[in-house]
>>> print(open('target_10.txt').read())   # compact mmCIF, C-alpha atoms
# COMPACT_ATOMS: atom_id res chain seq x y z
CA ALA A 94 99.54 207.65 86.27
CA ALA A 95 98.11 206.95 82.81
CA ILE A 96 94.72 208.25 83.94
CA ASP A 97 96.37 211.41 85.29
CA ALA A 98 98.21 211.92 81.99
CA GLU A 99 94.95 211.51 80.06
CA ASN A 100 93.11 213.89 82.43
CA THR A 101 95.93 216.40 81.97
CA ARG A 102 95.64 216.22 78.16
CA ILE A 103 91.86 216.66 78.31
CA ALA A 104 92.22 219.56 80.76
CA MET A 105 94.88 221.23 78.57
CA SER A 106 92.63 221.14 75.52
CA ALA A 107 89.74 222.53 77.56
CA VAL A 108 91.55 225.75 78.53
CA VAL A 109 92.71 227.01 75.13
CA PRO A 110 90.98 227.98 71.87
CA GLU A 111 90.09 225.13 69.53
CA GLY A 112 92.90 224.21 67.14
CA SER A 113 95.64 225.07 69.63
CA GLU A 114 98.77 222.94 69.78
CA PHE A 115 101.15 222.45 72.67
CA THR A 116 104.92 222.41 72.94
CA ASP A 117 106.66 219.70 74.92
CA LYS A 118 106.88 220.41 78.64
CA LEU A 119 109.06 223.49 79.20
CA ASP A 120 111.61 224.01 81.96
CA ILE A 121 110.24 226.24 84.70
CA PRO A 122 112.66 229.04 85.65
CA GLU A 123 113.09 229.45 89.41
CA ALA A 124 111.75 233.03 89.34
CA VAL A 125 108.60 231.84 87.57
CA ALA A 126 107.98 229.09 90.15
CA ALA A 127 108.59 231.63 92.92
CA ALA A 128 106.11 234.10 91.39
CA ALA A 129 103.43 231.38 91.32
CA SER A 130 104.25 230.36 94.88
CA ALA A 131 103.92 233.95 96.11
CA GLN A 132 100.27 233.84 94.94
CA GLY A 133 99.58 230.57 96.77
CA GLY A 134 99.98 228.10 93.91
CA THR A 135 102.54 225.46 92.99
CA LEU A 136 103.50 225.42 89.31
CA SER A 137 104.44 221.86 88.31
CA GLU A 138 104.14 221.84 84.51
CA LEU A 139 104.47 224.52 81.84
CA TYR A 140 103.64 224.21 78.13
CA GLY A 141 103.74 226.72 75.31
CA VAL A 142 100.60 227.11 73.20
CA THR A 143 100.60 227.81 69.47
CA ASN A 144 97.65 228.47 67.22
CA GLY A 145 98.10 228.49 63.45
CA GLY A 146 101.86 228.36 64.02
CA ALA A 147 101.90 231.56 66.09
CA GLU A 148 102.78 231.70 69.78
CA ALA A 149 99.49 231.97 71.64
CA GLY A 150 100.40 231.79 75.33
CA TYR A 151 100.89 229.07 77.92
CA VAL A 152 99.13 226.28 79.71
CA MET A 153 100.19 225.53 83.27
CA LYS A 154 99.49 222.75 85.73
CA ILE A 155 99.02 224.42 89.10
CA SER A 156 98.17 223.05 92.54
CA ALA A 157 96.50 225.10 95.29
CA SER A 158 94.77 224.34 98.57
CA GLY A 159 91.02 223.75 98.54
CA SER A 160 88.84 222.99 101.56
CA GLN A 161 89.66 219.26 101.70
CA GLY A 162 93.12 219.10 100.18
CA THR A 163 94.93 220.02 97.02
CA ILE A 164 93.13 221.08 93.85
CA VAL A 165 95.20 220.40 90.71
CA MET A 166 94.17 222.48 87.72
CA MET A 167 95.24 223.46 84.23
CA VAL A 168 95.12 227.18 83.51
CA GLY A 169 95.47 228.64 80.02
CA VAL A 170 96.82 232.17 79.58
CA ASP A 171 97.03 233.92 76.20
CA ALA A 172 99.75 236.12 74.71
CA ASN A 173 98.05 239.18 76.27
CA LYS A 174 98.41 237.53 79.72
CA ALA A 175 94.64 236.98 80.06
CA VAL A 176 93.06 233.71 81.21
CA THR A 177 91.72 231.52 78.39
CA GLY A 178 90.34 228.79 80.64
CA VAL A 179 90.50 226.82 83.87
CA SER A 180 89.96 223.07 84.16
CA VAL A 181 90.36 220.84 87.22
CA VAL A 182 92.53 217.71 86.84
CA SER A 183 92.11 216.27 90.34
CA HIS A 184 90.71 217.26 93.74
CA SER A 185 89.32 215.92 97.01
CA GLU A 186 86.63 218.55 97.60
CA THR A 187 83.40 217.71 99.43
CA SER A 188 80.82 215.98 97.25
CA GLY A 189 77.86 218.23 96.47
CA ILE A 190 79.59 221.37 97.79
CA GLY A 191 83.19 221.84 96.67
CA THR A 192 82.54 219.56 93.71
CA LYS A 193 80.21 222.25 92.35
CA VAL A 194 83.26 224.49 91.99
CA VAL A 195 85.53 221.95 90.31
CA GLY A 196 82.60 220.87 88.13
CA ASN A 197 82.14 224.44 86.85
CA GLU A 198 78.57 224.75 88.17
CA PRO A 199 76.98 228.21 88.39
CA ASN A 200 78.17 230.53 91.16
CA ALA A 201 75.90 232.79 93.23
CA ALA A 202 75.68 235.15 90.22
CA GLY A 203 74.56 232.32 87.91
CA VAL A 204 77.83 232.16 85.96
CA PRO A 205 79.77 228.87 85.67
CA VAL A 206 82.36 229.32 88.41
CA LEU A 207 85.45 228.38 86.38
CA ASP A 208 84.31 230.29 83.29
CA GLN A 209 84.22 233.60 85.21
CA PHE A 210 88.03 233.66 85.14
CA ILE A 211 88.17 233.75 81.31
CA GLY A 212 89.49 237.09 80.05
CA MET A 213 90.79 238.18 83.45
CA SER A 214 94.37 239.32 83.95
CA GLY A 215 96.63 240.84 86.58
CA ALA A 216 98.22 238.50 89.11
CA GLY A 217 96.83 239.08 92.58
CA SER A 218 93.98 241.24 91.28
CA LEU A 219 91.44 238.39 91.31
CA VAL A 220 89.68 238.38 94.68
CA VAL A 221 86.80 236.15 95.80
CA GLY A 222 84.01 238.42 97.03
CA LYS A 223 85.26 241.32 94.93
CA ASN A 224 85.60 240.43 91.22
CA ILE A 225 85.26 236.65 91.62
CA THR A 226 81.98 235.16 92.85
CA ALA A 227 82.03 231.98 94.93
CA VAL A 228 79.62 229.07 94.75
CA SER A 229 77.30 229.32 97.78
CA GLY A 230 78.70 227.15 100.57
CA ALA A 231 81.94 226.52 98.69
CA THR A 232 83.92 229.69 99.28
CA VAL A 233 87.11 227.86 100.30
CA SER A 234 87.03 225.69 97.16
CA THR A 235 86.46 228.80 95.03
CA LYS A 236 89.38 230.52 96.80
CA GLY A 237 91.58 227.51 95.98
CA ILE A 238 90.84 227.87 92.28
CA ASN A 239 91.33 231.63 92.57
CA MET A 240 94.78 231.13 94.13
CA GLY A 241 95.73 228.80 91.29
CA VAL A 242 94.61 231.30 88.65
CA ASN A 243 96.46 234.18 90.34
CA ALA A 244 99.54 231.91 90.49
CA ALA A 245 99.26 231.16 86.76
CA LEU A 246 98.98 234.86 85.95
CA ALA A 247 102.00 235.63 88.15
CA ALA A 248 103.99 232.88 86.41
CA VAL A 249 103.20 234.26 82.95
CA GLU A 250 104.08 237.80 84.06
CA ALA A 251 107.41 236.48 85.40
CA LEU A 252 108.08 234.74 82.06
CA GLY A 253 108.00 238.20 80.48
>>> encode(input="target_10.txt", output="structure tokens")
Amino acid sequence: AAIDAENTRIAMSAVVPEGSEFTDKLDIPEAVAAAASAQGGTLSELYGVTNGGAEAGYVMKISASGSQGTIVMMVGVDANKAVTGVSVVSHSETSGIGTKVVGNEPNAAGVPVLDQFIGMSGAGSLVVGKNITAVSGATVSTKGINMGVNAALAAVEALG
């Protein structure tokens, strides 16, 4: 559990601008959890993000199905409801295939697969094969991350 907590802290810092600070864990309203669920993700933790004392968005711990089980990720979303980063906390994806996705290796377009989500917004608008490019041979793993990001965007939209 201590390792998970440490991985969560590292992942949180990786998905927001440098110098960001986090609130304590926030309560997740039922409608927000339901919005995430409707996009295929399970929202388990929610934190506010501040930068220079100003509210700067949220960081969420989201779980979604990959090819070999659950992928747990942290997703940062800014005050404009755009993704600031995606970082994987834990997974059981296939070594050498799905691990390329969770390890942020380049996708078929040569862009680090997790980084391509940065700046995107609009829950449900992110689609693998349309505006999200999978890692060759790891489409299901990429779709798992994509579901988690869409779930995070839906949650933030539901927060208002």
>>> residues_around(input="target_10.txt", residues="Gly141 (chain A)", least_positions_apart="6", cutoff="6 Å", atoms="all atoms listed in the file", output="compact mmCIF listing (two decimals) with C-alpha atoms, in the coordinates of the input")
# COMPACT_ATOMS: atom_id res chain seq x y z
CA PHE A 115 101.15 222.45 72.67
CA THR A 116 104.92 222.41 72.94
CA TYR A 151 100.89 229.07 77.92
>>> residues_around(input="target_10.txt", residues="region 128-138 of chain A", least_positions_apart="6", cutoff="7 Å", atoms="all atoms listed in the file", output="PyMOL selection string")
chain A and resi 118+153-157+217+240-241+243-245+247-248+251
>>> residues_around(input="target_10.txt", residues="region 185-201 of chain A", least_positions_apart="3", cutoff="10 Å", atoms="only C-alpha atoms", output="NGL selection string")
:A and (159-166 or 179-182 or 204-209 or 225-238)
>>> residues_around(input="target_10.txt", residues="Ser113 (chain A)", least_positions_apart="3", cutoff="7 Å", atoms="only C-alpha atoms", output="list in words")
Val109, Pro110, Val142, Thr143 and Asn144 of chain A
>>> atom_distance(input="target_10.txt", atom1="CA of Val108 (chain A)", atom2="CA of Ala127 (chain A)")
23.1 Å
>>> atom_distance(input="target_10.txt", atom1="CA of Ala175 (chain A)", atom2="CA of Ile96 (chain A)")
29.0 Å
>>> residues_around(input="target_10.txt", residues="Met213 (chain A)", least_positions_apart="2", cutoff="8 Å", atoms="only C-alpha atoms", output="number ranges by chain")
A: 175-176, 210-211, 215, 219
>>> axis_aligned_box(input="target_10.txt", around="region 236-245 of chain A", padding_each_side="5 Å", output="lines of an AutoDock Vina configuration file")
center_x = 94.5
center_y = 230.8
center_z = 91.8
size_x = 20.2
size_y = 16.7
size_z = 20.0
>>> closest_residue(input="target_10.txt", among="A:Thr177, A:Tyr140, A:Met167, A:Asn224", to="Ile103 (chain A)", atoms="only C-alpha atoms")
A:Met167
>>> closest_residue(input="target_10.txt", among="A:Gly145, A:Gly112, A:Gly253, A:Gly203", to="Ala172 (chain A)", atoms="all atoms listed in the file")
A:Gly253
>>> atom_distance(input="target_10.txt", atom1="CA of Glu123 (chain A)", atom2="CA of Asp171 (chain A)")
21.3 Å
>>> closest_residue(input="target_10.txt", among="A:Ala107, A:Val168, A:Val221, A:Ala202", to="Val242 (chain A)", atoms="all atoms listed in the file")
A:Val168
>>> closest_residue(input="target_10.txt", among="A:Ser218, A:Val249, A:Ala149, A:Asn239", to="Glu111 (chain A)", atoms="only C-alpha atoms")
A:Ala149
>>> build_atoms(input="target_10.txt", residues="region 193-228 of chain A", atoms="N, CA and C atoms", output="PDB file, in the frame of the given file")
ATOM      1  N   LYS A 193      80.904 221.307  93.241  1.00  0.00           N
ATOM      2  CA  LYS A 193      80.210 222.250  92.350  1.00  0.00           C
ATOM      3  C   LYS A 193      81.211 223.214  91.718  1.00  0.00           C
ATOM      4  N   VAL A 194      82.236 223.577  92.490  1.00  0.00           N
ATOM      5  CA  VAL A 194      83.260 224.490  91.990  1.00  0.00           C
ATOM      6  C   VAL A 194      84.088 223.798  90.913  1.00  0.00           C
ATOM      7  N   VAL A 195      84.656 222.639  91.259  1.00  0.00           N
ATOM      8  CA  VAL A 195      85.530 221.950  90.310  1.00  0.00           C
ATOM      9  C   VAL A 195      84.758 221.462  89.093  1.00  0.00           C
ATOM     10  N   GLY A 196      83.445 221.292  89.242  1.00  0.00           N
ATOM     11  CA  GLY A 196      82.600 220.870  88.130  1.00  0.00           C
ATOM     12  C   GLY A 196      82.064 222.020  87.305  1.00  0.00           C
ATOM     13  N   ASN A 197      82.512 223.246  87.618  1.00  0.00           N
ATOM     14  CA  ASN A 197      82.140 224.440  86.850  1.00  0.00           C
ATOM     15  C   ASN A 197      80.636 224.724  86.880  1.00  0.00           C
ATOM     16  N   GLU A 198      79.997 224.441  88.033  1.00  0.00           N
ATOM     17  CA  GLU A 198      78.570 224.750  88.170  1.00  0.00           C
ATOM     18  C   GLU A 198      78.405 226.249  88.414  1.00  0.00           C
ATOM     19  N   PRO A 199      77.183 226.768  88.228  1.00  0.00           N
ATOM     20  CA  PRO A 199      76.980 228.210  88.390  1.00  0.00           C
ATOM     21  C   PRO A 199      77.288 228.700  89.805  1.00  0.00           C
ATOM     22  N   ASN A 200      77.912 229.887  89.868  1.00  0.00           N
ATOM     23  CA  ASN A 200      78.170 230.530  91.160  1.00  0.00           C
ATOM     24  C   ASN A 200      76.922 231.285  91.599  1.00  0.00           C
ATOM     25  N   ALA A 201      77.045 232.051  92.689  1.00  0.00           N
ATOM     26  CA  ALA A 201      75.900 232.790  93.230  1.00  0.00           C
ATOM     27  C   ALA A 201      75.333 233.796  92.228  1.00  0.00           C
ATOM     28  N   ALA A 202      76.136 234.195  91.245  1.00  0.00           N
ATOM     29  CA  ALA A 202      75.680 235.150  90.220  1.00  0.00           C
ATOM     30  C   ALA A 202      75.112 234.429  88.993  1.00  0.00           C
ATOM     31  N   GLY A 203      75.111 233.086  89.026  1.00  0.00           N
ATOM     32  CA  GLY A 203      74.560 232.320  87.910  1.00  0.00           C
ATOM     33  C   GLY A 203      75.521 232.050  86.777  1.00  0.00           C
ATOM     34  N   VAL A 204      76.796 232.374  86.984  1.00  0.00           N
ATOM     35  CA  VAL A 204      77.830 232.160  85.960  1.00  0.00           C
ATOM     36  C   VAL A 204      78.621 230.904  86.321  1.00  0.00           C
ATOM     37  N   PRO A 205      78.924 230.026  85.347  1.00  0.00           N
ATOM     38  CA  PRO A 205      79.770 228.870  85.670  1.00  0.00           C
ATOM     39  C   PRO A 205      81.051 229.345  86.355  1.00  0.00           C
ATOM     40  N   VAL A 206      81.330 228.775  87.521  1.00  0.00           N
ATOM     41  CA  VAL A 206      82.360 229.320  88.410  1.00  0.00           C
ATOM     42  C   VAL A 206      83.756 229.360  87.792  1.00  0.00           C
ATOM     43  N   LEU A 207      84.120 228.358  87.003  1.00  0.00           N
ATOM     44  CA  LEU A 207      85.450 228.380  86.380  1.00  0.00           C
ATOM     45  C   LEU A 207      85.494 229.331  85.193  1.00  0.00           C
ATOM     46  N   ASP A 208      84.366 229.432  84.479  1.00  0.00           N
ATOM     47  CA  ASP A 208      84.310 230.290  83.290  1.00  0.00           C
ATOM     48  C   ASP A 208      84.472 231.771  83.616  1.00  0.00           C
ATOM     49  N   GLN A 209      84.129 232.172  84.865  1.00  0.00           N
ATOM     50  CA  GLN A 209      84.220 233.600  85.210  1.00  0.00           C
ATOM     51  C   GLN A 209      85.650 234.130  85.155  1.00  0.00           C
ATOM     52  N   PHE A 210      86.630 233.223  85.182  1.00  0.00           N
ATOM     53  CA  PHE A 210      88.030 233.660  85.140  1.00  0.00           C
ATOM     54  C   PHE A 210      88.484 234.024  83.723  1.00  0.00           C
ATOM     55  N   ILE A 211      87.763 233.534  82.701  1.00  0.00           N
ATOM     56  CA  ILE A 211      88.170 233.750  81.310  1.00  0.00           C
ATOM     57  C   ILE A 211      88.209 235.253  81.003  1.00  0.00           C
ATOM     58  N   GLY A 212      89.331 235.687  80.428  1.00  0.00           N
ATOM     59  CA  GLY A 212      89.490 237.090  80.050  1.00  0.00           C
ATOM     60  C   GLY A 212      90.102 237.952  81.145  1.00  0.00           C
ATOM     61  N   MET A 213      90.232 237.394  82.347  1.00  0.00           N
ATOM     62  CA  MET A 213      90.790 238.180  83.450  1.00  0.00           C
ATOM     63  C   MET A 213      92.315 238.166  83.399  1.00  0.00           C
ATOM     64  N   SER A 214      92.911 239.226  83.917  1.00  0.00           N
ATOM     65  CA  SER A 214      94.370 239.320  83.950  1.00  0.00           C
ATOM     66  C   SER A 214      94.794 240.111  85.175  1.00  0.00           C
ATOM     67  N   GLY A 215      96.092 240.083  85.453  1.00  0.00           N
ATOM     68  CA  GLY A 215      96.630 240.840  86.580  1.00  0.00           C
ATOM     69  C   GLY A 215      96.784 239.958  87.808  1.00  0.00           C
ATOM     70  N   ALA A 216      97.969 239.384  87.976  1.00  0.00           N
ATOM     71  CA  ALA A 216      98.220 238.500  89.110  1.00  0.00           C
ATOM     72  C   ALA A 216      97.913 239.197  90.423  1.00  0.00           C
ATOM     73  N   GLY A 217      97.166 238.528  91.276  1.00  0.00           N
ATOM     74  CA  GLY A 217      96.830 239.080  92.580  1.00  0.00           C
ATOM     75  C   GLY A 217      95.611 239.980  92.563  1.00  0.00           C
ATOM     76  N   SER A 218      95.123 240.322  91.372  1.00  0.00           N
ATOM     77  CA  SER A 218      93.980 241.240  91.280  1.00  0.00           C
ATOM     78  C   SER A 218      92.642 240.502  91.357  1.00  0.00           C
ATOM     79  N   LEU A 219      92.667 239.174  91.247  1.00  0.00           N
ATOM     80  CA  LEU A 219      91.440 238.390  91.310  1.00  0.00           C
ATOM     81  C   LEU A 219      91.155 238.061  92.770  1.00  0.00           C
ATOM     82  N   VAL A 220      90.008 238.530  93.269  1.00  0.00           N
ATOM     83  CA  VAL A 220      89.680 238.380  94.680  1.00  0.00           C
ATOM     84  C   VAL A 220      88.257 237.846  94.827  1.00  0.00           C
ATOM     85  N   VAL A 221      88.126 236.712  95.535  1.00  0.00           N
ATOM     86  CA  VAL A 221      86.800 236.150  95.800  1.00  0.00           C
ATOM     87  C   VAL A 221      86.040 237.129  96.690  1.00  0.00           C
ATOM     88  N   GLY A 222      84.826 237.471  96.282  1.00  0.00           N
ATOM     89  CA  GLY A 222      84.010 238.420  97.030  1.00  0.00           C
ATOM     90  C   GLY A 222      84.126 239.828  96.472  1.00  0.00           C
ATOM     91  N   LYS A 223      85.087 240.012  95.565  1.00  0.00           N
ATOM     92  CA  LYS A 223      85.260 241.320  94.930  1.00  0.00           C
ATOM     93  C   LYS A 223      84.926 241.175  93.441  1.00  0.00           C
ATOM     94  N   ASN A 224      85.859 240.621  92.653  1.00  0.00           N
ATOM     95  CA  ASN A 224      85.600 240.430  91.220  1.00  0.00           C
ATOM     96  C   ASN A 224      85.450 238.962  90.838  1.00  0.00           C
ATOM     97  N   ILE A 225      85.508 238.079  91.820  1.00  0.00           N
ATOM     98  CA  ILE A 225      85.260 236.650  91.620  1.00  0.00           C
ATOM     99  C   ILE A 225      84.145 236.238  92.573  1.00  0.00           C
ATOM    100  N   THR A 226      83.120 235.566  92.040  1.00  0.00           N
ATOM    101  CA  THR A 226      81.980 235.160  92.850  1.00  0.00           C
ATOM    102  C   THR A 226      82.073 233.678  93.181  1.00  0.00           C
ATOM    103  N   ALA A 227      81.955 233.365  94.473  1.00  0.00           N
ATOM    104  CA  ALA A 227      82.030 231.980  94.930  1.00  0.00           C
ATOM    105  C   ALA A 227      80.729 231.234  94.671  1.00  0.00           C
ATOM    106  N   VAL A 228      80.808 229.915  94.717  1.00  0.00           N
ATOM    107  CA  VAL A 228      79.620 229.070  94.750  1.00  0.00           C
ATOM    108  C   VAL A 228      79.141 229.090  96.196  1.00  0.00           C
TER     109      VAL A 228
END
